[in-house]
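*Asks:* The following file, data-v3.txt, comprises compact mmCIF, C-alpha atoms:
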# COMPACT_ATOMS: atom_id res chain seq x y z
CA MET S 1 -88.33 29.16 -33.22
CA ARG S 2 -84.88 29.09 -31.66
CA THR S 3 -84.42 27.40 -28.30
CA ARG S 4 -83.23 30.67 -26.78
CA THR S 5 -86.34 32.49 -28.01
CA VAL S 6 -88.59 29.82 -26.48
CA VAL S 7 -86.77 29.95 -23.13
CA VAL S 8 -86.61 33.76 -22.94
CA ALA S 9 -90.29 34.13 -23.93
CA GLY S 10 -91.21 31.53 -21.29
CA ILE S 11 -89.25 33.30 -18.57
CA VAL S 12 -90.81 36.68 -19.44
CA LEU S 13 -94.25 35.06 -19.30
CA ALA S 14 -93.45 33.46 -15.92
CA LEU S 15 -92.25 36.80 -14.51
CA LEU S 16 -95.46 38.50 -15.73
CA ILE S 17 -97.55 35.78 -14.07
CA ALA S 18 -95.61 36.04 -10.79
CA GLY S 19 -95.33 39.83 -10.83
CA VAL S 20 -98.61 41.01 -12.32
CA ALA S 21 -101.24 38.30 -12.83
CA SER S 22 -100.78 36.89 -9.31
CA PHE S 23 -102.57 39.96 -7.92
CA TYR S 24 -105.79 38.65 -9.41
CA ALA S 25 -105.48 35.15 -7.91
CA SER S 26 -108.19 33.86 -5.59
CA SER S 27 -107.39 34.58 -1.95
CA ASN S 28 -109.64 31.79 -0.72
CA PRO S 29 -107.92 29.00 1.26
CA ASP S 30 -106.59 26.23 -0.97
CA GLY S 31 -107.96 22.68 -0.91
CA LEU S 32 -105.81 21.46 1.98
CA GLU S 33 -106.32 24.61 4.12
CA TYR S 34 -110.07 24.44 3.55
CA VAL S 35 -110.25 20.74 4.42
CA ALA S 36 -108.14 21.35 7.54
CA GLU S 37 -110.64 23.98 8.70
CA GLN S 38 -113.63 21.85 7.76
CA VAL S 39 -112.39 18.62 9.36
CA GLY S 40 -110.92 20.48 12.32
CA PHE S 41 -107.13 20.28 12.36
CA ALA S 42 -106.29 23.72 10.94
CA GLU S 43 -105.25 24.99 14.38
CA THR S 44 -102.44 22.42 14.56
CA ALA S 45 -100.57 24.39 11.87
CA GLU S 46 -97.53 26.18 13.31
CA ASP S 47 -95.86 29.34 12.07
CA SER S 48 -92.97 28.58 9.74
CA ALA S 49 -89.49 29.43 11.00
CA ALA S 50 -89.29 31.49 7.79
CA LYS S 51 -92.20 33.75 8.83
CA ASP S 52 -89.79 36.67 9.33
CA SER S 53 -88.43 36.41 5.78
CA PRO S 54 -88.72 39.79 3.98
CA PHE S 55 -90.95 38.04 1.42
CA ALA S 56 -93.01 35.87 3.81
CA ASP S 57 -96.53 35.04 2.60
CA TYR S 58 -95.87 36.52 -0.84
CA GLY S 59 -95.58 40.08 0.42
CA THR S 60 -92.55 42.39 0.49
CA ARG S 61 -91.84 43.84 3.94
CA GLY S 62 -91.90 47.62 3.97
CA VAL S 63 -93.88 47.95 0.74
CA GLU S 64 -97.34 49.32 1.52
CA ASN S 65 -98.91 49.05 -1.93
CA GLU S 66 -100.48 45.58 -2.03
CA ARG S 67 -100.08 45.13 -5.76
CA LEU S 68 -96.40 46.12 -5.67
CA SER S 69 -95.66 44.15 -2.50
CA GLY S 70 -97.04 40.89 -3.86
CA GLY S 71 -95.64 41.44 -7.34
CA LEU S 72 -92.13 42.10 -6.01
CA ALA S 73 -92.21 38.99 -3.83
CA GLY S 74 -93.36 36.96 -6.83
CA VAL S 75 -90.67 38.30 -9.15
CA VAL S 76 -87.89 37.85 -6.55
CA GLY S 77 -89.09 34.31 -5.81
CA ALA S 78 -89.26 33.46 -9.52
CA LEU S 79 -85.75 34.81 -10.15
CA VAL S 80 -84.32 32.85 -7.21
CA VAL S 81 -85.98 29.68 -8.56
CA LEU S 82 -84.59 30.42 -12.03
CA LEU S 83 -81.05 30.89 -10.68
CA LEU S 84 -81.13 27.77 -8.50
CA ALA S 85 -82.90 25.43 -10.92
CA GLY S 86 -81.09 26.82 -13.96
CA GLY S 87 -77.71 26.58 -12.26
CA LEU S 88 -78.40 23.09 -10.95
CA THR S 89 -79.52 21.68 -14.28
CA LEU S 90 -76.68 23.38 -16.17
CA ALA S 91 -74.25 21.81 -13.68
CA VAL S 92 -75.56 18.24 -14.03
CA ARG S 93 -76.18 18.26 -17.81
CA ARG S 94 -74.15 16.28 -20.34
CA ARG S 95 -71.56 18.58 -21.85
CA GLY S 96 -71.05 18.98 -25.57
CA ARG S 97 -73.42 19.88 -28.35
CA PRO S 98 -75.90 17.27 -29.56
CA ALA S 99 -76.34 16.83 -33.32
CA ASP S 100 -79.64 18.77 -33.38
CA GLN S 101 -77.97 21.86 -31.95
CA HIS S 102 -76.28 22.55 -35.27
CA THR S 103 -79.58 22.61 -37.15
CA ASP S 104 -80.87 24.91 -34.48
CA ASP S 105 -77.99 27.31 -35.08
CA LYS S 106 -78.54 27.32 -38.83
CA ASP S 107 -82.03 28.69 -38.32
CA ARG S 108 -80.43 31.83 -36.95
CA VAL S 109 -78.88 32.84 -40.27
CA MET B 1 -101.41 21.85 -1.21
CA HIS B 2 -98.41 23.01 0.82
CA VAL B 3 -98.35 21.23 4.18
CA PRO B 4 -97.44 23.63 7.01
CA ASP B 5 -95.35 22.72 10.05
CA GLY B 6 -97.35 21.00 12.79
CA PHE B 7 -99.77 18.89 10.72
CA LEU B 8 -97.57 15.79 10.92
CA ASP B 9 -95.52 14.55 13.87
CA ALA B 10 -91.73 14.66 14.00
CA SER B 11 -91.04 11.03 13.10
CA THR B 12 -93.25 11.20 10.00
CA SER B 13 -91.62 14.47 8.95
CA ILE B 14 -88.18 12.90 9.38
CA ALA B 15 -89.23 9.84 7.37
CA THR B 16 -90.56 11.95 4.48
CA GLY B 17 -87.44 14.12 4.74
CA VAL B 18 -85.23 11.05 4.30
CA ALA B 19 -87.39 9.79 1.40
CA ALA B 20 -87.27 13.20 -0.29
CA ALA B 21 -83.50 13.58 0.17
CA GLY B 22 -82.92 10.09 -1.22
CA ALA B 23 -85.15 10.71 -4.24
CA VAL B 24 -83.55 14.08 -4.99
CA GLY B 25 -80.07 12.57 -4.65
CA PHE B 26 -80.99 9.79 -7.06
CA ALA B 27 -82.62 12.30 -9.43
CA LEU B 28 -79.39 14.32 -9.50
CA SER B 29 -77.55 11.36 -10.98
CA ARG B 30 -80.36 10.31 -13.33
CA ALA B 31 -81.24 13.80 -14.61
CA ARG B 32 -77.88 13.84 -16.39
CA HIS B 33 -79.34 11.50 -19.00
CA GLU B 34 -82.27 13.82 -19.65
CA LEU B 35 -80.27 17.04 -19.83
CA ASP B 36 -77.95 18.30 -22.53
CA ASP B 37 -76.92 21.79 -23.65
CA ARG B 38 -80.23 22.22 -25.44
CA THR B 39 -82.66 20.94 -22.79
CA ALA B 40 -80.93 22.24 -19.63
CA PRO B 41 -82.25 25.83 -20.09
CA MET B 42 -85.77 24.35 -20.45
CA ALA B 43 -85.45 22.93 -16.94
CA GLY B 44 -84.72 26.36 -15.45
CA LEU B 45 -87.70 27.74 -17.35
CA VAL B 46 -90.02 24.92 -16.20
CA ALA B 47 -89.13 25.46 -12.52
CA THR B 48 -89.68 29.23 -12.86
CA PHE B 49 -92.96 28.71 -14.67
CA VAL B 50 -94.26 26.23 -12.07
CA PHE B 51 -93.33 28.66 -9.28
CA ALA B 52 -95.13 31.54 -11.01
CA THR B 53 -98.21 29.51 -11.93
CA GLN B 54 -98.54 28.16 -8.38
CA MET B 55 -99.20 31.77 -7.31
CA ILE B 56 -102.39 31.75 -9.36
CA ASN B 57 -105.01 30.25 -7.07
CA PHE B 58 -108.17 29.56 -9.03
CA PRO B 59 -111.56 29.35 -7.26
CA VAL B 60 -113.18 25.91 -7.18
CA GLY B 61 -116.36 26.88 -5.33
CA ALA B 62 -117.63 27.17 -1.73
CA GLY B 63 -114.83 29.52 -0.71
CA THR B 64 -112.07 27.14 -1.72
CA SER B 65 -109.31 27.55 -4.26
CA GLY B 66 -106.62 25.43 -5.85
CA HIS B 67 -103.40 25.95 -7.69
CA LEU B 68 -101.21 23.99 -10.06
CA LEU B 69 -99.06 21.30 -8.44
CA GLY B 70 -96.97 21.03 -11.60
CA GLY B 71 -95.42 17.58 -11.14
CA ALA B 72 -97.03 16.05 -14.22
CA LEU B 73 -96.28 19.20 -16.24
CA ALA B 74 -92.60 19.23 -15.27
CA ALA B 75 -92.14 15.49 -15.90
CA ILE B 76 -93.69 15.69 -19.37
CA LEU B 77 -91.76 18.81 -20.38
CA VAL B 78 -88.27 17.94 -19.10
CA GLY B 79 -88.40 14.30 -17.97
CA PRO B 80 -89.32 12.80 -14.58
CA TRP B 81 -85.90 13.07 -12.88
CA THR B 82 -85.23 16.63 -14.00
CA GLY B 83 -88.87 17.40 -13.18
CA LEU B 84 -88.36 16.21 -9.60
CA LEU B 85 -85.36 18.55 -9.30
CA CYS B 86 -87.47 21.46 -10.65
CA ILE B 87 -90.36 20.86 -8.22
CA SER B 88 -87.93 20.43 -5.30
CA VAL B 89 -86.26 23.78 -6.03
CA VAL B 90 -89.68 25.45 -6.23
CA LEU B 91 -90.74 23.97 -2.87
CA LEU B 92 -87.40 24.87 -1.25
CA VAL B 93 -87.64 28.53 -2.30
CA GLN B 94 -91.31 28.70 -1.27
CA ALA B 95 -90.53 27.28 2.18
CA LEU B 96 -87.43 29.37 2.92
CA LEU B 97 -88.16 32.67 1.17
CA LEU B 98 -91.95 32.95 1.11
CA ALA B 99 -92.90 30.91 4.20
CA ASP B 100 -95.24 28.86 2.00
CA GLY B 101 -95.21 25.28 3.31
CA GLY B 102 -93.39 24.45 6.53
CA ILE B 103 -89.63 23.98 6.83
CA THR B 104 -89.88 20.76 8.84
CA ALA B 105 -92.63 19.85 6.33
CA LEU B 106 -90.35 20.44 3.32
CA GLY B 107 -89.62 16.71 3.02
CA THR B 108 -93.35 16.01 3.22
CA ASN B 109 -94.09 18.52 0.49
CA VAL B 110 -91.34 17.19 -1.79
CA THR B 111 -92.63 13.66 -1.15
CA LEU B 112 -96.24 14.63 -1.93
CA MET B 113 -95.95 17.09 -4.83
CA GLY B 114 -92.51 16.09 -6.11
CA ILE B 115 -92.44 12.32 -5.81
CA VAL B 116 -96.07 11.11 -5.58
CA GLY B 117 -97.80 13.71 -7.76
CA LEU B 118 -95.09 13.75 -10.40
CA LEU B 119 -94.78 9.98 -10.53
CA ALA B 120 -98.55 9.46 -10.74
CA GLY B 121 -98.80 11.97 -13.58
CA TRP B 122 -95.79 10.56 -15.42
CA LEU B 123 -96.97 6.92 -15.13
CA VAL B 124 -100.43 7.82 -16.41
CA PHE B 125 -98.88 9.75 -19.32
CA ARG B 126 -96.43 6.97 -20.26
CA GLY B 127 -99.06 4.28 -19.76
CA LEU B 128 -101.52 6.00 -22.09
CA GLN B 129 -98.76 6.74 -24.58
CA THR B 130 -97.85 3.03 -24.66
CA VAL B 131 -101.37 1.80 -25.44
CA LEU B 132 -102.54 4.67 -27.66
CA PRO B 133 -101.18 5.64 -31.10
CA LYS B 134 -97.95 7.62 -30.78
CA ARG B 135 -99.30 10.78 -32.36
CA LEU B 136 -97.93 14.22 -31.56
CA GLY B 137 -101.44 15.66 -31.51
CA LEU B 138 -102.38 13.38 -28.63
CA VAL B 139 -99.55 14.56 -26.34
CA PRO B 140 -101.35 17.64 -24.89
CA ALA B 141 -104.53 15.65 -24.16
CA LEU B 142 -102.56 12.87 -22.45
CA ALA B 143 -100.71 15.55 -20.46
CA GLY B 144 -104.07 16.95 -19.32
CA ILE B 145 -105.28 13.53 -18.17
CA ALA B 146 -101.98 12.94 -16.37
CA GLY B 147 -102.29 16.31 -14.63
CA PHE B 148 -105.86 15.55 -13.61
CA VAL B 149 -105.01 12.17 -12.04
CA SER B 150 -101.94 13.50 -10.21
CA VAL B 151 -103.95 15.83 -7.92
CA PRO B 152 -106.37 13.39 -6.20
CA VAL B 153 -103.53 10.84 -5.95
CA THR B 154 -101.40 13.44 -4.14
CA ALA B 155 -104.38 14.24 -1.88
CA LEU B 156 -104.74 10.54 -1.04
CA ALA B 157 -101.03 10.33 -0.25
CA PHE B 158 -101.50 13.20 2.22
CA VAL B 159 -104.33 11.24 3.87
CA GLY B 160 -102.00 8.23 4.09
CA LEU B 161 -99.31 10.32 5.80
CA TYR B 162 -101.91 11.83 8.10
CA ALA B 163 -103.14 8.36 9.05
CA VAL B 164 -99.58 7.49 10.12
CA GLY B 165 -98.44 10.73 11.70
CA GLY B 166 -101.28 13.26 11.92
CA THR B 167 -101.16 15.36 15.09
CA ALA B 168 -104.94 15.70 15.58
CA PRO B 169 -107.35 12.82 16.24
CA ILE B 170 -109.73 13.25 13.32
CA PRO B 171 -111.93 10.68 11.56
CA LEU B 172 -109.95 9.44 8.56
CA ASP B 173 -113.00 8.70 6.42
CA THR B 174 -114.12 12.34 6.72
CA LEU B 175 -110.62 13.49 5.82
CA THR B 176 -110.45 11.12 2.83
CA THR B 177 -113.82 12.23 1.45
CA ALA B 178 -113.06 15.92 1.85
CA MET B 179 -109.54 15.71 0.41
CA LEU B 180 -110.59 13.56 -2.56
CA GLY B 181 -113.66 15.65 -3.32
CA TRP B 182 -111.95 19.03 -3.41
CA HIS B 183 -108.82 17.78 -5.11
CA THR B 184 -110.76 16.09 -7.88
CA LEU B 185 -112.18 19.55 -8.66
CA ILE B 186 -108.72 21.13 -8.41
CA GLY B 187 -107.49 18.37 -10.73
CA ILE B 188 -109.65 19.83 -13.51
CA GLY B 189 -107.68 23.08 -13.25
CA GLU B 190 -104.43 21.10 -13.22
CA ALA B 191 -105.59 19.26 -16.37
CA VAL B 192 -106.43 22.48 -18.22
CA ILE B 193 -103.14 24.22 -17.34
CA THR B 194 -101.00 21.13 -18.01
CA GLY B 195 -102.70 20.44 -21.35
CA LEU B 196 -102.50 24.07 -22.50
CA VAL B 197 -98.86 24.56 -21.56
CA VAL B 198 -97.68 21.26 -23.04
CA GLY B 199 -99.80 21.97 -26.13
CA SER B 200 -98.20 25.41 -26.57
CA VAL B 201 -94.64 24.06 -26.44
CA VAL B 202 -95.54 21.09 -28.67
CA ALA B 203 -96.94 23.56 -31.22
CA VAL B 204 -93.71 25.62 -31.35
CA ARG B 205 -90.90 23.17 -30.62
CA PRO B 206 -92.07 19.56 -30.07
CA ASP B 207 -88.44 18.44 -29.86
CA LEU B 208 -88.08 20.38 -26.59
CA VAL B 209 -90.86 18.34 -24.96
CA TYR B 210 -89.42 15.23 -23.30
CA GLY B 211 -92.76 13.41 -23.34
CA ALA B 212 -93.19 14.05 -27.08
CA ARG B 213 -89.98 12.29 -28.09
CA ARG B 214 -91.68 8.92 -28.66
CA ALA B 215 -94.34 10.54 -30.82
CA LEU B 216 -91.70 12.45 -32.80
CA LYS B 217 -89.67 9.29 -33.32
CA ALA B 218 -92.78 7.43 -34.53
CA ARG B 219 -93.49 10.28 -36.95
CA LYS B 220 -89.98 10.16 -38.40
CA LEU B 221 -90.29 6.40 -38.92
CA GLU B 222 -93.57 6.87 -40.78
CA ILE B 223 -91.99 9.34 -43.18
CA ARG B 224 -89.11 6.99 -43.91
CA ASP B 225 -91.59 4.19 -44.66
CA VAL B 226 -93.35 6.32 -47.25
CA GLU B 227 -90.07 7.28 -48.88
CA GLU B 228 -89.00 3.66 -49.07
CA ALA B 229 -92.33 2.69 -50.59
CA ALA B 230 -91.93 5.40 -53.23
CA ALA B 231 -88.42 4.17 -54.12
Would you kindly transcribe this structure into structure tokens?

*Replies:*
Amino acid sequence: MRTRTVVVAGIVLALLIAGVASFYASSNPDGLEYVAEQVGFAETAEDSAAKDSPFADYGTRGVENERLSGGLAGVVGALVVLLLAGGLTLAVRRRGRPADQHTDDKDRV
Amino acid sequence: MHVPDGFLDASTSIATGVAAAGAVGFALSRARHELDDRTAPMAGLVATFVFATQMINFPVGAGTSGHLLGGALAAILVGPWTGLLCISVVLLVQALLLADGGITALGTNVTLMGIVGLLAGWLVFRGLQTVLPKRLGLVPALAGIAGFVSVPVTALAFVGLYAVGGTAPIPLDTLTTAMLGWHTLIGIGEAVITGLVVGSVVAVRPDLVYGARRALKARKLEIRDVEEAAA
């Protein structure tokens, strides 16, 4: 399978997880939140300065439908991560094509 | 395991912020050796995948859930330095865009899930790979074990930070027991996801998996030996 196929398939899968499958995730507190409640320091948590972000807490402000609201926030977040991480790693990579790349291209024909 | 603002005092948050910034700065220079034209797109994919998968909280019983931390997964797929960059981008976007994990706690979260969790997972993976046969088929299982270990180690690191700079006077032994107990269970989920994802990529394109390079190299050497013996 070509590198591009692997990467594109992976990104589509990630967007489906963030946009669709995330609706079915458990809404129970995670390990740390649960322990904080149990041991008794949960109330020391403060609101994040980002609490007014349009996508705060994995919901999209102004979108009533819960499934759509969470899915949109997930997809937007995933795309922002892709742009930042993809851009960063493309910027710091070694330039030039490694020897294997040529074999990879031949598979295309 | 995203730490919110307020759990740790200011000086501890500043200290973890400095540690995180230093590690990310160093990773920026080292990641260059892990990334070329072929592997750089994998890094963008890995960060996106970790972000998406962290949205899937799985139940671990008694009203608690867990989600992938992803440090071991990222390190094995794209290398530890690139992996640290991936996890840091994920945590940055979560903190700023989705209000998941505090902003003053961003350094703490990068330290815990990026540095400690990733390093623990990577060291376990490399350690096992050094003592066990370098077989491609073993890579997913080793990745699963690495993922499993990384979660309770990260939980312990949180307890350590809390011991230094926690804002509430709570008994540390109770905190240790609770954190270790729940995060050992969550580690099972981390092991399953890490093993499955690494296994899937190894099955399609093992050469794209950083942690499989030693096994691939060993396999190539074996083939050459056979050919030489035949000649």

*Asks:* Within 10 Å of Ala218 of chain B, counting only C-alpha atoms, which residues show up once you throw out same-chain ones fewer than 6 positions away? Write them as a VMD selection string, please.

*Replies:* chain B and resid 133 to 136 212

*Asks:* Of the residues B:Ala74, B:Val110, B:Ala168, B:Leu216, which is the one nearest to chain S, using only C-alpha atoms?

*Replies:*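 With only C-alpha atoms as the atom set, the closest residue is B:Ala168.
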
*Asks:* Taking all atoms listed in the file into account, report as a ChimeraX atom specification which residues of chain S lie within 7 Å of chain B.

*Replies:* /S:1,7,10-11,14-15,17-18,22,25-26,28-32,34-35,39,41,44-51,53,55-58,77-78,81-82,84-86,89-90,92-97,101

*Asks:* Return as lines of an AutoDock Vina configuration file the box centre and box size in Å, one decimal, for an axis-aligned box around all listed atoms of segment 45-53 of chain B padded by 5 Å per side.

*Replies:*
center_x = -93.0
center_y = 28.2
center_z = -13.3
size_x = 20.5
size_y = 16.6
size_z = 18.1

*Asks:* B:Val24, B:Gly79, B:Glu190, B:Gly160: which is nearest Leu88 of chain S, counting all atoms listed in the file?

*Replies:*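 Between B:Val24, B:Gly79, B:Glu190, B:Gly160, the residue approaching Leu88 of chain S most closely is B:Val24.
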
*Asks:* Between atom CA of Gly187 of chain B and atom CA of Val151 of chain B, what distance in Å does the model show, to one decimal?

*Replies:*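 Going from atom CA of Gly187 of chain B over to atom CA of Val151 of chain B, I get 5.2 Å.
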